[in-house]
2 protein chains.
Amino acid sequence: MNAPIVTPALTKNQSLVFDVLTRADAPVSAYTILDRLRDHGFRAPLQVYRALDKLTEFGMIHRLESLNAFVACAHRNSECCGGGSGHGHGTVAFAICDSCGHVSEFHDDKVDHRLGDWAKAKGFKPAKTTIEIRGLCHGCAA
Amino acid sequence: MNAPIVTPALTKNQSLVFDVLTRADAPVSAYTILDRLRDHGFRAPLQVYRALDKLTEFGMIHRLESLNAFVACAHRNSECCGGGSGHGHGTVAFAICDSCGHVSEFHDDKVDHRLGDWAKAKGFKPAKTTIEIRGLCHGCAA
DNA sequence: TGGCACACGTTATAGCATAACGCAATTGAT
DNA sequence: ATCAATTGCGTTATGCTATAACGTGTGCCA
């Protein structure tokens with residue numbers, strides 16, 4: 001059932017954007033990505049957004065809705081997030097430190113099932129689920 | 001003019017904004033609220049945002065992060081969402097129909113505890129948790 | 001070799017949110 | 001009463017986030 005997780009061949013722009021995200025230790029906004037890629041020829045937001053769209057579609061990055069920013073998927077190589085077709089496992093949750101910006105990505109089957117059960121009971125067809133916990137990480141809560 | 005519902009005494013602007021949200025059958029953006037209140041003297045986004053901030057603080061409305069829009073709290077009169085001080089029950093989740101825009105607000109203790117347990121295990125101190133399921137409601141999924 | 005799909009580049013515009021200033025009304029302790 | 005602190009209000013200006021609409025180039029393959 002598992003097609004090997006073929007990382008699709010990325011275009012130049014997609015690689016550049018993905019690189020910025022993998023190097024970052026915190027979420028990065030689209031416009032910050034743009035600024036960091038000006039030296040590589042990026043001039044307009046659309047160049048960034050188009051790459052972000054594709055990378056999201058590939059399941060290689062995530063958008064943090066409460067931040068309007070993006071992170072590389074933490075579950076490298078495992079069938080974490082699923083791409084366009086055969087989704088990996090379900091929803092991913094994020095714990096975001098409001099102080100240092102660090103993001104922990106995790107998955108919880110029980111939460112997933114619980115929300116799925118609610119949807120089933122209501123006849124709601126989920127397409128994408130967002131779970132984001134804002135707060136203070138262990139280090140910053142000290 | 002309609003007298004506002006009970007709850008904390010609202011200022012005029014807060015009442016007007018809250019009214020717009022209670023009348024709406026779908027989430028409303030700040031700028032849409034602004035447009036709907038021009039006849040009542042609203043001229044600038046800040047008038048809306050300031051009211052929204054307060055209403056959020058009072059627990060009377062919710063912000064939908066994945067939509068950049070706002071809804072009135074569905075749990076009228078019960079101490080659902082908690083205000084500045086004594087919080088009502090925990091996190092609220094939303095199911096948002098991408099077709100008709102309808103939003104169902106619900107709460108699930110198990111999900112709440114589960115996420116709480118994760119946080120406790122990691123030493124993460126949650127401040128605000130967002131759970132939003134985008135998809136198609138029963139009627140629209142037909 | 002013509003049509004298609006897709007990435008790319010550019011300009012312009014739309015939509016969301018806050019900074020910084022000053023004024024007015026309220027409260028509440030002196 | 002009066003002053004000071006607080007809070008809400010209004011305005012202008014600005015910044016950040018995202019997409020529309022147009023056209024170009026390239027590779028594929030029927």
# chains A, B, ... in the order shown; residues from 1 in each chain; ligands from 1

call {"tool": "residues_around", "arguments": {"residues": "His102 of chain B", "least_positions_apart": "6", "cutoff": "9 Å", "atoms": "only C-alpha atoms (C1' of nucleotides)", "output": "list of chain:residue names"}}
result
B:Asp25, B:Ala26, B:Pro27, B:Ala95, B:Ile96, B:Cys137

call {"tool": "write_last_selection", "arguments": {"atoms": "C-alpha atoms", "output": "PDB file, in the first residue's frame"}}
result
ATOM      1  CA  ASP B  25     -25.045  32.675  10.151  1.00  0.00           C
ATOM      2  CA  ALA B  26     -21.409  32.291   9.183  1.00  0.00           C
ATOM      3  CA  PRO B  27     -18.068  33.708  10.266  1.00  0.00           C
ATOM      4  CA  ALA B  95     -16.268  22.274  12.291  1.00  0.00           C
ATOM      5  CA  ILE B  96     -16.354  24.683   9.384  1.00  0.00           C
ATOM      6  CA  CYS B 137     -21.240  19.686   6.447  1.00  0.00           C
TER       7      CYS B 137
END

call {"tool": "calpha_fit_rmsd", "arguments": {"fixed": "chain A", "moving": "chain B"}}
result
4.4 Å

call {"tool": "residues_around", "arguments": {"residues": "DG15 of chain C", "least_positions_apart": "3", "cutoff": "10 Å", "atoms": "only C-alpha atoms (C1' of nucleotides)", "output": "PyMOL selection string"}}
result
(chain B and resi 29-31+68) or (chain D and resi 17-19)

call {"tool": "write_last_selection", "arguments": {"atoms": "N, CA and C atoms (P, O5', C5', C4', C3', O3' and C1' of nucleotides)", "output": "JSON list (two decimals), in the first residue's frame"}}
result
[["chain", "number", "residue", "atom", "x", "y", "z"],
["B", 29, "SER", "N", -15.57, 38.50, 8.71],
["B", 29, "SER", "CA", -14.24, 39.10, 8.84],
["B", 29, "SER", "C", -14.36, 40.49, 9.44],
["B", 30, "ALA", "N", -13.25, 40.97, 9.98],
["B", 30, "ALA", "CA", -13.24, 42.29, 10.62],
["B", 30, "ALA", "C", -13.66, 43.37, 9.64],
["B", 31, "TYR", "N", -13.18, 43.26, 8.41],
["B", 31, "TYR", "CA", -13.49, 44.31, 7.44],
["B", 31, "TYR", "C", -14.93, 44.25, 6.97],
["B", 68, "ASN", "N", -9.41, 33.69, 9.44],
["B", 68, "ASN", "CA", -9.27, 35.10, 9.80],
["B", 68, "ASN", "C", -10.63, 35.75, 9.90],
["D", 17, "DT", "P", 3.42, 38.55, 7.79],
["D", 17, "DT", "O5'", 2.16, 38.23, 6.87],
["D", 17, "DT", "C5'", 0.89, 38.06, 7.48],
["D", 17, "DT", "C4'", -0.14, 37.76, 6.41],
["D", 17, "DT", "C3'", 0.22, 36.62, 5.45],
["D", 17, "DT", "O3'", -0.83, 35.67, 5.52],
["D", 17, "DT", "C1'", -0.56, 38.49, 4.27],
["D", 18, "DA", "P", -0.73, 34.31, 4.63],
["D", 18, "DA", "O5'", -1.39, 34.75, 3.25],
["D", 18, "DA", "C5'", -2.76, 35.10, 3.23],
["D", 18, "DA", "C4'", -3.17, 35.47, 1.82],
["D", 18, "DA", "C3'", -2.81, 34.43, 0.76],
["D", 18, "DA", "O3'", -4.03, 33.83, 0.37],
["D", 18, "DA", "C1'", -2.49, 36.68, -0.01],
["D", 19, "DT", "P", -4.05, 32.76, -0.87],
["D", 19, "DT", "O5'", -4.45, 33.70, -2.11],
["D", 19, "DT", "C5'", -5.55, 34.56, -1.94],
["D", 19, "DT", "C4'", -5.75, 35.40, -3.19],
["D", 19, "DT", "C3'", -5.78, 34.60, -4.50],
["D", 19, "DT", "O3'", -6.92, 35.05, -5.21],
["D", 19, "DT", "C1'", -4.33, 36.42, -4.69]]

call {"tool": "interface_residues", "arguments": {"of": "chain B", "to": "chain A", "cutoff": "12 Å", "atoms": "only C-alpha atoms", "output": "VMD selection string"}}
result
chain B and resid 63 to 69 91 to 99 102 to 142

call {"tool": "residues_around", "arguments": {"residues": "DT7 of chain D", "least_positions_apart": "6", "cutoff": "10 Å", "atoms": "only C-alpha atoms (C1' of nucleotides)", "output": "MDAnalysis selection string"}}
result
chainID C and resid 25:27

call {"tool": "select_by_dssp", "arguments": {"residues": "segment 8-142 of chain A", "states": "strand (DSSP E)", "output": "list in words"}}
result
Ile61, His62, Arg63, Leu64, Ala69, Phe70, Val71, Ala72, Ala93, Phe94, Ala95, Ile96, Cys97, Val103, Ser104, Glu105, Phe106, Lys125, Pro126, Ala127, Lys128, Thr129, Thr130, Ile131, Glu132, Ile133, Arg134, Gly135 and Leu136 of chain A

call {"tool": "select_by_dssp", "arguments": {"residues": "segment 8-136 of chain B", "states": "helix (DSSP H, G or I)", "output": "ChimeraX atom specification"}}
result
/B:12-23,30-36,38-40,45-57,109-122

call {"tool": "write_last_selection", "arguments": {"atoms": "C-alpha atoms", "output": "mmCIF file, in the first residue's frame"}}
result
data_model
loop_
_atom_site.group_PDB
_atom_site.id
_atom_site.type_symbol
_atom_site.label_atom_id
_atom_site.label_comp_id
_atom_site.auth_asym_id
_atom_site.auth_seq_id
_atom_site.Cartn_x
_atom_site.Cartn_y
_atom_site.Cartn_z
ATOM 1 C CA LYS B 12 -21.706 50.951 22.212
ATOM 2 C CA ASN B 13 -19.093 49.776 19.748
ATOM 3 C CA GLN B 14 -18.788 46.402 21.410
ATOM 4 C CA SER B 15 -22.563 45.941 21.259
ATOM 5 C CA LEU B 16 -22.690 46.844 17.610
ATOM 6 C CA VAL B 17 -19.931 44.432 16.696
ATOM 7 C CA PHE B 18 -21.405 41.675 18.821
ATOM 8 C CA ASP B 19 -24.772 42.257 17.192
ATOM 9 C CA VAL B 20 -23.328 41.796 13.738
ATOM 10 C CA LEU B 21 -21.807 38.503 14.803
ATOM 11 C CA THR B 22 -24.911 37.161 16.501
ATOM 12 C CA ARG B 23 -27.039 37.960 13.481
ATOM 13 C CA ALA B 30 -13.240 42.285 10.617
ATOM 14 C CA TYR B 31 -13.487 44.309 7.445
ATOM 15 C CA THR B 32 -16.924 42.946 6.659
ATOM 16 C CA ILE B 33 -18.009 43.965 10.126
ATOM 17 C CA LEU B 34 -16.595 47.396 9.425
ATOM 18 C CA ASP B 35 -18.612 47.670 6.226
ATOM 19 C CA ARG B 36 -21.787 46.589 7.963
ATOM 20 C CA ARG B 38 -20.493 52.233 8.434
ATOM 21 C CA ASP B 39 -24.040 53.457 8.829
ATOM 22 C CA HIS B 40 -23.514 53.409 12.559
ATOM 23 C CA PRO B 45 -10.606 49.008 11.218
ATOM 24 C CA LEU B 46 -9.351 49.777 14.686
ATOM 25 C CA GLN B 47 -12.827 50.482 15.936
ATOM 26 C CA VAL B 48 -13.693 46.936 14.965
ATOM 27 C CA TYR B 49 -10.524 45.289 16.176
ATOM 28 C CA ARG B 50 -10.701 46.942 19.565
ATOM 29 C CA ALA B 51 -14.229 45.708 20.070
ATOM 30 C CA LEU B 52 -13.290 42.247 18.840
ATOM 31 C CA ASP B 53 -10.406 42.104 21.306
ATOM 32 C CA LYS B 54 -12.665 42.891 24.214
ATOM 33 C CA LEU B 55 -15.410 40.514 23.157
ATOM 34 C CA THR B 56 -12.840 37.770 22.788
ATOM 35 C CA GLU B 57 -11.503 38.562 26.219
ATOM 36 C CA ASP B 109 -13.463 16.413 27.146
ATOM 37 C CA LYS B 110 -11.441 13.476 25.939
ATOM 38 C CA VAL B 111 -9.699 15.507 23.287
ATOM 39 C CA ASP B 112 -9.099 18.216 25.793
ATOM 40 C CA HIS B 113 -7.587 15.853 28.349
ATOM 41 C CA ARG B 114 -5.550 14.107 25.758
ATOM 42 C CA LEU B 115 -3.920 17.297 24.589
ATOM 43 C CA GLY B 116 -3.531 18.374 28.184
ATOM 44 C CA ASP B 117 -1.734 15.145 28.962
ATOM 45 C CA TRP B 118 0.640 15.645 26.097
ATOM 46 C CA ALA B 119 1.408 19.143 27.321
ATOM 47 C CA LYS B 120 1.943 17.972 30.870
ATOM 48 C CA ALA B 121 4.291 15.226 29.718
ATOM 49 C CA LYS B 122 6.346 17.731 27.736
#

call {"tool": "atom_distance", "arguments": {"atom1": "atom C1' of DG2 of chain C", "atom2": "atom C1' of DA21 of chain D"}}
result
25.6 Å

call {"tool": "residues_around", "arguments": {"residues": "DT30 of chain C", "least_positions_apart": "2", "cutoff": "12 Å", "atoms": "only C-alpha atoms (C1' of nucleotides)", "output": "number ranges by chain"}}
result
C: 28; D: 1-4

call {"tool": "interface_residues", "arguments": {"of": "chain D", "to": "chain B", "cutoff": "9 Å", "atoms": "only C-alpha atoms (C1' of nucleotides)", "output": "PyMOL selection string"}}
result
chain D and resi 8-11

call {"tool": "closest_residue", "arguments": {"among": "C:DC6, C:DA17, C:DA12, C:DT1", "to": "chain B", "atoms": "only C-alpha atoms (C1' of nucleotides)"}}
result
C:DA17

call {"tool": "residues_around", "arguments": {"residues": "segment 73-75 of chain A", "least_positions_apart": "4", "cutoff": "7 Å", "atoms": "only C-alpha atoms (C1' of nucleotides)", "output": "list in words"}}
result
Met60, Ile61, His62, Cys80 and Glu105 of chain A

call {"tool": "atom_distance", "arguments": {"atom1": "atom C1' of DC22 of chain D", "atom2": "atom CA of Leu37 of chain A"}}
result
24.1 Å

call {"tool": "atom_distance", "arguments": {"atom1": "atom C1' of DT12 of chain D", "atom2": "atom CA of Val28 of chain B"}}
result
25.3 Å

call {"tool": "closest_atom_pairs", "arguments": {"of": "chain C", "to": "chain A", "cutoff": "10 Å", "atoms": "only C-alpha atoms (C1' of nucleotides)", "output": "CSV"}}
result
residue,atom,partner,partner_atom,distance
C:DA7,C1',A:Thr11,CA,8.0
C:DC8,C1',A:Gln47,CA,8.0
C:DG9,C1',A:Gln47,CA,8.2
C:DT10,C1',A:Ala44,CA,7.9
C:DT11,C1',A:Ala44,CA,9.8

call {"tool": "write_last_selection", "arguments": {"atoms": "N, CA and C atoms (P, O5', C5', C4', C3', O3' and C1' of nucleotides)", "output": "CSV table (one decimal), in the first residue's frame"}}
result
chain,number,residue,atom,x,y,z
C,7,DA,P,4.1,22.3,-11.6
C,7,DA,O5',5.2,23.5,-11.5
C,7,DA,C5',6.5,23.2,-12.0
C,7,DA,C4',7.1,24.4,-12.6
C,7,DA,C3',7.2,25.6,-11.6
C,7,DA,O3',8.6,25.8,-11.4
C,7,DA,C1',6.4,26.3,-13.8
C,8,DC,P,9.0,26.9,-10.4
C,8,DC,O5',9.1,28.2,-11.3
C,8,DC,C5',9.8,28.2,-12.5
C,8,DC,C4',9.6,29.5,-13.3
C,8,DC,C3',9.6,30.7,-12.4
C,8,DC,O3',10.9,31.4,-12.7
C,8,DC,C1',7.8,30.8,-13.9
C,9,DG,P,11.3,32.6,-11.7
C,9,DG,O5',10.6,33.9,-12.4
C,9,DG,C5',10.9,34.2,-13.7
C,9,DG,C4',10.2,35.5,-14.1
C,9,DG,C3',10.2,36.5,-13.0
C,9,DG,O3',10.7,37.7,-13.5
C,9,DG,C1',8.0,36.1,-13.8
C,10,DT,P,10.8,39.1,-12.6
C,10,DT,O5',9.4,39.8,-12.9
C,10,DT,C5',9.0,40.0,-14.2
C,10,DT,C4',7.8,40.9,-14.2
C,10,DT,C3',7.7,41.9,-13.1
C,10,DT,O3',7.6,43.2,-13.7
C,10,DT,C1',5.7,40.7,-13.3
C,11,DT,P,7.6,44.5,-12.8
C,11,DT,O5',6.0,44.9,-12.7
C,11,DT,C5',5.3,44.9,-13.9
C,11,DT,C4',3.8,45.1,-13.6
C,11,DT,C3',3.5,46.2,-12.6
C,11,DT,O3',2.6,47.1,-13.1
C,11,DT,C1',2.4,44.2,-12.0
